[in-house]
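Colleague: Contents of entry.txt (compact mmCIF, C-alpha atoms):
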# COMPACT_ATOMS: atom_id res chain seq x y z
CA MET A 1 0.19 20.46 17.63
CA GLN A 2 -1.01 19.04 14.31
CA MET A 3 -0.87 15.55 12.82
CA ARG A 4 1.65 15.12 10.02
CA LYS A 5 -0.13 15.71 6.72
CA SER A 6 -0.19 12.92 4.15
CA LYS A 7 2.10 13.50 1.18
CA VAL A 8 0.16 10.91 -0.82
CA LEU A 9 -3.23 12.53 -0.24
CA LYS A 10 -1.86 15.98 -1.03
CA LYS A 11 -0.58 14.80 -4.41
CA LEU A 12 -3.63 12.70 -5.24
CA ARG A 13 -6.01 15.54 -4.38
CA ALA A 14 -3.98 17.82 -6.65
CA GLY A 15 -4.45 15.35 -9.51
CA GLU A 16 -0.83 14.16 -9.45
CA ASN A 17 0.53 10.62 -9.68
CA VAL A 18 2.20 8.99 -6.68
CA SER A 19 5.33 6.83 -6.66
CA CYS A 20 5.12 3.68 -4.54
CA ILE A 21 7.18 0.55 -3.86
CA LYS A 22 6.40 -2.59 -1.89
CA ILE A 23 8.81 -3.67 0.85
CA ASN A 24 8.82 -7.36 1.81
CA LEU A 25 11.86 -7.34 4.08
CA ALA A 26 11.08 -6.50 7.70
CA ASP A 27 14.23 -4.45 8.30
CA PRO A 28 13.18 -0.77 8.63
CA ARG A 29 16.43 0.30 6.99
CA VAL A 30 15.03 -0.96 3.69
CA CYS A 31 12.04 1.36 4.14
CA GLU A 32 14.43 4.19 4.93
CA MET A 33 16.41 3.53 1.74
CA ALA A 34 13.19 3.67 -0.30
CA ALA A 35 12.25 6.96 1.37
CA LEU A 36 15.73 8.35 0.76
CA ALA A 37 15.45 7.36 -2.90
CA GLY A 38 12.44 9.66 -3.13
CA PHE A 39 9.39 7.40 -3.16
CA ASP A 40 6.22 9.16 -2.05
CA CYS A 41 4.81 5.96 -0.53
CA VAL A 42 6.39 2.86 0.96
CA TRP A 43 4.05 -0.14 1.15
CA VAL A 44 4.75 -2.68 3.91
CA ASP A 45 2.80 -5.84 4.55
CA GLN A 46 1.29 -7.59 7.55
CA GLU A 47 -0.94 -9.89 5.51
CA HIS A 48 1.90 -12.02 4.12
CA ILE A 49 5.00 -10.93 6.05
CA SER A 50 5.88 -12.00 9.60
CA GLN A 51 6.54 -8.44 10.71
CA ASN A 52 6.13 -7.70 14.40
CA TRP A 53 4.81 -4.45 15.82
CA SER A 54 8.25 -3.17 16.83
CA ALA A 55 9.55 -3.59 13.29
CA LEU A 56 6.49 -1.84 11.91
CA GLU A 57 6.89 1.01 14.39
CA ALA A 58 10.51 1.46 13.30
CA ALA A 59 9.43 1.45 9.63
CA VAL A 60 6.99 4.26 10.40
CA TRP A 61 9.77 6.29 12.03
CA ALA A 62 12.13 5.59 9.11
CA THR A 63 9.70 6.86 6.50
CA LYS A 64 8.41 9.86 8.47
CA ALA A 65 12.00 11.02 9.01
CA HIS A 66 12.30 11.56 5.25
CA ASP A 67 8.77 12.85 4.59
CA ALA A 68 7.50 9.68 2.92
CA ASP A 69 4.12 8.11 3.61
CA ILE A 70 3.84 4.50 4.72
CA LEU A 71 0.97 2.25 3.66
CA VAL A 72 0.37 -0.90 5.72
CA ARG A 73 -1.58 -3.79 4.24
CA VAL A 74 -3.25 -5.20 7.31
CA PRO A 75 -4.31 -8.79 7.99
CA ARG A 76 -8.01 -9.54 8.02
CA GLY A 77 -9.28 -10.19 11.52
CA ALA A 78 -10.15 -8.23 14.62
CA TYR A 79 -10.83 -4.49 14.21
CA ASN A 80 -7.70 -3.61 16.19
CA ASN A 81 -5.56 -5.15 13.43
CA TYR A 82 -6.75 -2.21 11.34
CA ILE A 83 -6.31 0.61 13.83
CA LYS A 84 -2.98 -0.30 15.47
CA PRO A 85 -0.91 0.71 12.39
CA LEU A 86 -2.82 4.02 12.30
CA GLU A 87 -2.08 4.58 16.00
CA LEU A 88 1.61 3.97 15.27
CA ASP A 89 1.14 6.85 12.78
CA ALA A 90 1.14 4.88 9.56
CA THR A 91 -0.24 7.23 6.92
CA GLY A 92 -2.61 4.68 5.43
CA ILE A 93 -3.88 1.14 5.61
CA MET A 94 -4.96 -1.25 2.87
CA VAL A 95 -7.53 -3.91 3.73
CA PRO A 96 -7.27 -6.96 1.45
CA HIS A 97 -10.02 -9.13 -0.02
CA ILE A 98 -13.04 -6.84 0.18
CA LEU A 99 -15.77 -9.30 -0.78
CA SER A 100 -19.00 -7.28 -0.55
CA LEU A 101 -20.58 -3.92 0.13
CA ALA A 102 -21.35 -5.04 3.69
CA ASP A 103 -17.68 -5.94 4.12
CA ALA A 104 -16.57 -2.50 2.89
CA LYS A 105 -19.06 -0.74 5.19
CA GLU A 106 -17.68 -2.61 8.19
CA ILE A 107 -14.12 -1.54 7.34
CA VAL A 108 -15.14 2.12 7.14
CA TYR A 109 -17.06 1.80 10.41
CA HIS A 110 -14.00 0.51 12.25
CA THR A 111 -11.35 2.78 10.67
CA ARG A 112 -12.99 6.22 10.64
CA PHE A 113 -13.89 8.40 13.57
CA TYR A 114 -17.26 10.11 14.08
CA PRO A 115 -19.18 11.31 12.10
CA VAL A 116 -18.05 8.85 9.41
CA GLY A 117 -17.60 5.74 11.54
CA ARG A 118 -16.96 4.54 15.06
CA ARG A 119 -13.23 3.84 15.15
CA ALA A 120 -12.12 3.06 18.71
CA ILE A 121 -10.54 6.18 20.24
CA ASP A 122 -7.31 6.35 22.19
CA GLY A 123 -5.39 9.49 21.24
CA GLY A 124 -2.42 8.66 23.45
CA ASN A 125 -0.31 7.12 20.71
CA ALA A 126 2.02 8.48 18.04
CA ASP A 127 -0.72 9.55 15.64
CA GLY A 128 -2.26 11.81 18.27
CA GLY A 129 1.08 13.18 19.42
CA TYR A 130 0.73 11.21 22.66
CA THR A 131 -2.29 13.40 23.59
CA GLY A 132 -0.56 16.51 22.21
CA VAL A 133 -3.13 16.97 19.44
CA ASP A 134 -6.40 18.55 20.59
CA PHE A 135 -9.00 15.77 20.96
CA ASN A 136 -11.54 17.08 18.44
CA GLN A 137 -8.82 18.11 16.02
CA TYR A 138 -7.33 14.64 16.32
CA LEU A 139 -10.58 13.02 15.19
CA LYS A 140 -10.98 15.50 12.32
CA GLN A 141 -7.38 15.34 11.12
CA ALA A 142 -7.23 11.54 11.32
CA ASN A 143 -10.25 11.32 9.04
CA GLU A 144 -8.75 13.86 6.63
CA GLN A 145 -5.03 13.01 6.63
CA ARG A 146 -4.97 9.21 6.95
CA PHE A 147 -6.10 7.12 4.00
CA VAL A 148 -8.06 3.88 3.88
CA VAL A 149 -7.63 1.63 0.85
CA LEU A 150 -10.04 -1.15 -0.10
CA GLN A 151 -8.37 -3.90 -2.09
CA ILE A 152 -10.43 -5.51 -4.86
CA GLU A 153 -8.75 -8.80 -5.68
CA ASP A 154 -11.58 -11.32 -6.00
CA PRO A 155 -14.51 -11.81 -8.39
CA GLU A 156 -17.05 -11.93 -5.54
CA PRO A 157 -17.46 -8.13 -5.12
CA LEU A 158 -17.94 -7.42 -8.83
CA GLU A 159 -21.75 -7.38 -8.67
CA GLU A 160 -21.61 -4.72 -5.94
CA LEU A 161 -18.52 -2.91 -7.19
CA GLU A 162 -20.33 0.30 -8.10
CA ALA A 163 -22.04 0.42 -4.70
CA ILE A 164 -18.67 -0.18 -3.02
CA ALA A 165 -17.10 2.61 -5.08
CA ALA A 166 -19.91 4.98 -4.08
CA LEU A 167 -19.52 4.22 -0.36
CA PRO A 168 -18.40 7.28 1.66
CA GLY A 169 -15.52 7.11 4.11
CA TYR A 170 -12.65 5.47 2.24
CA ASP A 171 -10.09 6.95 -0.15
CA MET A 172 -8.92 4.39 -2.71
CA LEU A 173 -9.86 1.24 -4.57
CA PHE A 174 -6.79 -0.90 -5.20
CA PHE A 175 -6.97 -3.60 -7.88
CA GLY A 176 -4.90 -6.73 -7.15
CA PRO A 177 -4.58 -8.87 -10.30
CA GLY A 178 -2.71 -11.77 -8.65
CA ASP A 179 -5.40 -13.20 -6.42
CA PHE A 180 -8.05 -12.03 -8.88
CA SER A 181 -6.53 -14.24 -11.58
CA GLN A 182 -6.68 -17.19 -9.20
CA GLY A 183 -10.26 -16.35 -8.24
CA ILE A 184 -11.44 -16.51 -11.84
CA GLY A 185 -9.63 -19.81 -12.45
CA ALA A 186 -6.86 -18.33 -14.60
CA PRO A 187 -3.85 -17.91 -12.30
CA GLY A 188 -1.12 -15.84 -13.92
CA VAL A 189 -3.01 -15.21 -17.17
CA TRP A 190 -2.44 -11.47 -17.00
CA ASP A 191 -4.07 -10.70 -20.35
CA HIS A 192 -7.30 -12.51 -19.44
CA PRO A 193 -10.25 -10.41 -20.68
CA LEU A 194 -11.90 -10.28 -17.24
CA ILE A 195 -8.70 -9.01 -15.62
CA GLU A 196 -8.36 -6.26 -18.22
CA GLU A 197 -12.05 -5.38 -17.95
CA THR A 198 -12.00 -5.25 -14.15
CA ARG A 199 -8.80 -3.21 -14.06
CA LYS A 200 -10.43 -0.57 -16.26
CA ARG A 201 -13.72 -0.71 -14.36
CA VAL A 202 -12.08 -0.17 -10.96
CA ALA A 203 -10.32 2.96 -12.25
CA GLU A 204 -13.48 4.27 -13.92
CA LEU A 205 -15.69 3.76 -10.87
CA ALA A 206 -13.12 5.28 -8.53
CA LYS A 207 -13.05 8.42 -10.67
CA LYS A 208 -16.85 8.50 -11.03
CA TYR A 209 -17.35 8.62 -7.26
CA GLY A 210 -14.45 10.90 -6.39
CA ARG A 211 -12.13 8.20 -5.10
CA PHE A 212 -8.59 7.31 -6.16
CA ALA A 213 -7.40 4.17 -7.93
CA GLY A 214 -4.29 2.12 -7.15
CA THR A 215 -2.76 -1.08 -8.49
CA VAL A 216 0.52 -2.88 -9.11
CA GLY A 217 2.64 -2.40 -12.22
CA GLY A 218 6.12 -1.59 -13.36
CA PRO A 219 8.15 0.75 -15.57
CA GLY A 220 6.88 -1.10 -18.66
CA ASN A 221 3.18 -0.33 -18.13
CA LEU A 222 3.31 2.65 -15.77
CA LYS A 223 2.27 5.17 -18.44
CA GLU A 224 -0.63 2.97 -19.55
CA LEU A 225 -1.90 2.54 -15.99
CA ASN A 226 -1.59 6.27 -15.26
CA GLU A 227 -3.56 7.05 -18.42
CA MET A 228 -6.19 4.50 -17.34
CA GLY A 229 -6.72 6.51 -14.16
CA TYR A 230 -4.41 4.81 -11.68
CA GLN A 231 -2.70 7.61 -9.77
CA LEU A 232 -0.90 5.22 -7.39
CA VAL A 233 1.03 2.35 -8.95
CA SER A 234 3.28 0.15 -6.84
CA MET A 235 6.21 -0.19 -9.24
CA GLY A 236 8.15 -3.09 -7.79
CA ALA A 237 9.52 -4.63 -4.63
CA ASP A 238 12.74 -4.79 -2.67
CA VAL A 239 12.98 -8.57 -3.06
CA ILE A 240 12.80 -8.30 -6.85
CA GLY A 241 15.72 -5.88 -6.86
CA LEU A 242 17.83 -8.04 -4.56
CA LYS A 243 16.99 -11.23 -6.42
CA ASN A 244 17.98 -9.67 -9.74
CA TYR A 245 21.17 -8.24 -8.25
CA TYR A 246 22.22 -11.61 -6.80
CA ALA A 247 21.40 -13.36 -10.07
CA GLU A 248 23.50 -10.86 -12.02
CA LEU A 249 26.45 -11.36 -9.66
CA MET A 250 26.23 -15.13 -10.13
CA ARG A 251 26.03 -14.77 -13.92
CA SER A 252 29.22 -12.72 -13.79
CA PHE A 253 30.86 -15.31 -11.56
CA ASN A 254 29.84 -18.25 -13.72
CA THR A 255 30.85 -16.64 -17.02
CA ASN A 256 34.27 -15.42 -15.86
CA PRO A 257 36.79 -18.30 -15.87
CA GLU A 258 39.23 -16.32 -13.74
CA THR A 259 36.87 -16.36 -10.77
CA HIS A 260 37.30 -20.13 -10.56
CA ASN A 261 41.05 -19.87 -10.46
CA ASN A 262 42.45 -20.09 -6.91
CA SER A 263 45.54 -18.09 -7.80
CA TYR A 264 43.30 -15.23 -8.97
CA LEU A 265 41.30 -15.27 -5.75
CA GLU A 266 44.44 -15.32 -3.60
CA LYS A 267 45.52 -11.99 -5.14
CA GLN A 268 42.33 -10.22 -4.07
For the structure just supplied, provide its representation as C-alpha cells.
Modeller:
Amino acid sequence: MQMRKSKVLKKLRAGENVSCIKINLADPRVCEMAALAGFDCVWVDQEHISQNWSALEAAVWATKAHDADILVRVPRGAYNNYIKPLELDATGIMVPHILSLADAKEIVYHTRFYPVGRRAIDGGNADGGYTGVDFNQYLKQANEQRFVVLQIEDPEPLEELEAIAALPGYDMLFFGPGDFSQGIGAPGVWDHPLIEETRKRVAELAKKYGRFAGTVGGPGNLKELNEMGYQLVSMGADVIGLKNYYAELMRSFNTNPETHNNSYLEKQ
C-alpha cells in the first residue's frame, strides 16, 4: 500500500501552476463542489473558521474522492494542531504568522519525520492507511508527498526572511497581504510599496532556495502573480461567490416592479 500522491506537489515540481480556492463554509459538500469543478487544491481553514474535526475529516474524503488536494491552515498552538490534519490525510498544512527563523525551525521539527524533524509518529490513521503502509515507507512518503507551507504575513520575519527561505524541510512560502498591511500600519492599502516589495521578495527567495511561492489573488492579477513566480494562487472564496450571487438576485428583485406585485407572485 502507498500513500496517495500529492497532485499539487506533482504539478509544482514539474514547473506548472496550481489552481486553488479558499473554502470558508464548513459543509464538506462545498469542498466537493470545488473538487468537481476541477480545482487542484482546496484550502480550508481552522485558524478563523469554527470547523470541528469531523467536518474536516469529511472535507478530506470529499476532495480525495475527486483527486484534489486539500490544504488546511492550522491554528497556532500545540504541535498536535499541526499533525492531526495530516493524520486525517490532508495533503498539506499552512502555518500562519511565521515570525522568525526559530519559529520556522520549530514548525519543521514538529511536522516532518526523521531525518528532517521529529514529528510524533502514529501510523494508525488515514494517512498511513490505518497501518497498511509499511512503517519506514510511511515516514518517507509523508515527508515527500505531504506539503508544509509557511505563511509570511507580518513585518517581523523580514530581517530573517532569506534564512527562513533557505531552511530545509518545508515546501512553500505563502505571502498574506491582509495581515501584513495591518502589521505595517497601512491596513487595506494594497499598493503600499512595502507590500509590493515583500510580495516580490518572497517569490524571489522561494525560487532561489528551491521552494515554491503561494499567495492570494484573483482573475484580474493571476497572470501577473504567475509571472512573478507564484505557482499557487488562491483565486477566490466560496463566500465571495455566494455573496455576489445573493446580491445579484436582490438587484434583480429590486429593479423588477413585477416582483412586488402580489398578483404576479400568485401566478408562480
Colleague: A:Ser50, A:Ile93, A:Asn80, A:Glu16: which is nearest Glu227 (chain A), counting only C-alpha atoms?
Modeller: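 Closest to Glu227 (chain A), using only C-alpha atoms: A:Glu16.
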Colleague: Write out as a list of chain:residue names which residues come within 9 Å of Gly38 (chain A) when counting all atoms listed in the file, dropping same-chain ones fewer than 2 positions away.
Modeller: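 Residues meeting the cut-off are A:Ser19, A:Met33, A:Ala34, A:Ala35, A:Leu36, A:Asp40, A:Cys41, A:His66, A:Ala68.
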Colleague: Need to verify the contact set: region 197-200 of chain A, 9 Å, all atoms listed in the file, exclusion of same-chain residues closer than 3 positions in sequence. Can you return it as a tab-separated table (two decimals) with C-alpha atoms, in the frame of the given file?
Modeller:
chain	number	residue	atom	x	y	z
A	158	LEU	CA	-17.94	-7.42	-8.83
A	175	PHE	CA	-6.97	-3.60	-7.88
A	176	GLY	CA	-4.90	-6.73	-7.15
A	177	PRO	CA	-4.58	-8.87	-10.30
A	192	HIS	CA	-7.30	-12.51	-19.44
A	193	PRO	CA	-10.25	-10.41	-20.68
A	194	LEU	CA	-11.90	-10.28	-17.24
A	203	ALA	CA	-10.32	2.96	-12.25
A	204	GLU	CA	-13.48	4.27	-13.92
A	205	LEU	CA	-15.69	3.76	-10.87
A	215	THR	CA	-2.76	-1.08	-8.49
A	228	MET	CA	-6.19	4.50	-17.34
A	229	GLY	CA	-6.72	6.51	-14.16
Colleague: I'd like the contact shell of His110 (chain A) - 10 Å cut-off, all atoms listed in the file, skipping same-chain residues fewer than 3 positions apart - returned as a PyMOL selection string.
Modeller: chain A and resi 78-80+82-83+105-107+113+116-120
Colleague: Please determine, counting all atoms listed in the file, which residue among A:Leu232, A:Thr131, A:Gly77, A:Lys243 has the shortest atom-to-atom distance to Gly15 (chain A).
Modeller: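 Smallest distance to Gly15 (chain A) is found for A:Leu232.
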Colleague: Work out how far CA of Asp67 (chain A) is from CA of Ile23 (chain A), in Å to one decimal.
Modeller: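 Computing the Euclidean distance for CA of Ile23 (chain A) and CA of Asp67 (chain A) yields 16.9 Å.
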Colleague: Check the smallest atom-to-atom distance from each of A:Met172, A:Leu101, A:Val216, A:Leu86 to Met3 (chain A) using only C-alpha atoms, then report the winner.
Modeller: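 The closest residue to Met3 (chain A) is A:Leu86.
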Colleague: By how many Å are CA of Glu144 (chain A) and CA of Ser6 (chain A) apart?
Modeller: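 Calculated distance between CA of Glu144 (chain A) and CA of Ser6 (chain A) is 9.0 Å.
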Colleague: As an exercise, work out the distance from CA of Asn52 (chain A) to CA of Pro75 (chain A) in Å and give it to one decimal place.
Modeller: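 So the two atoms, CA of Asn52 (chain A) and CA of Pro75 (chain A), lie 12.3 Å apart.
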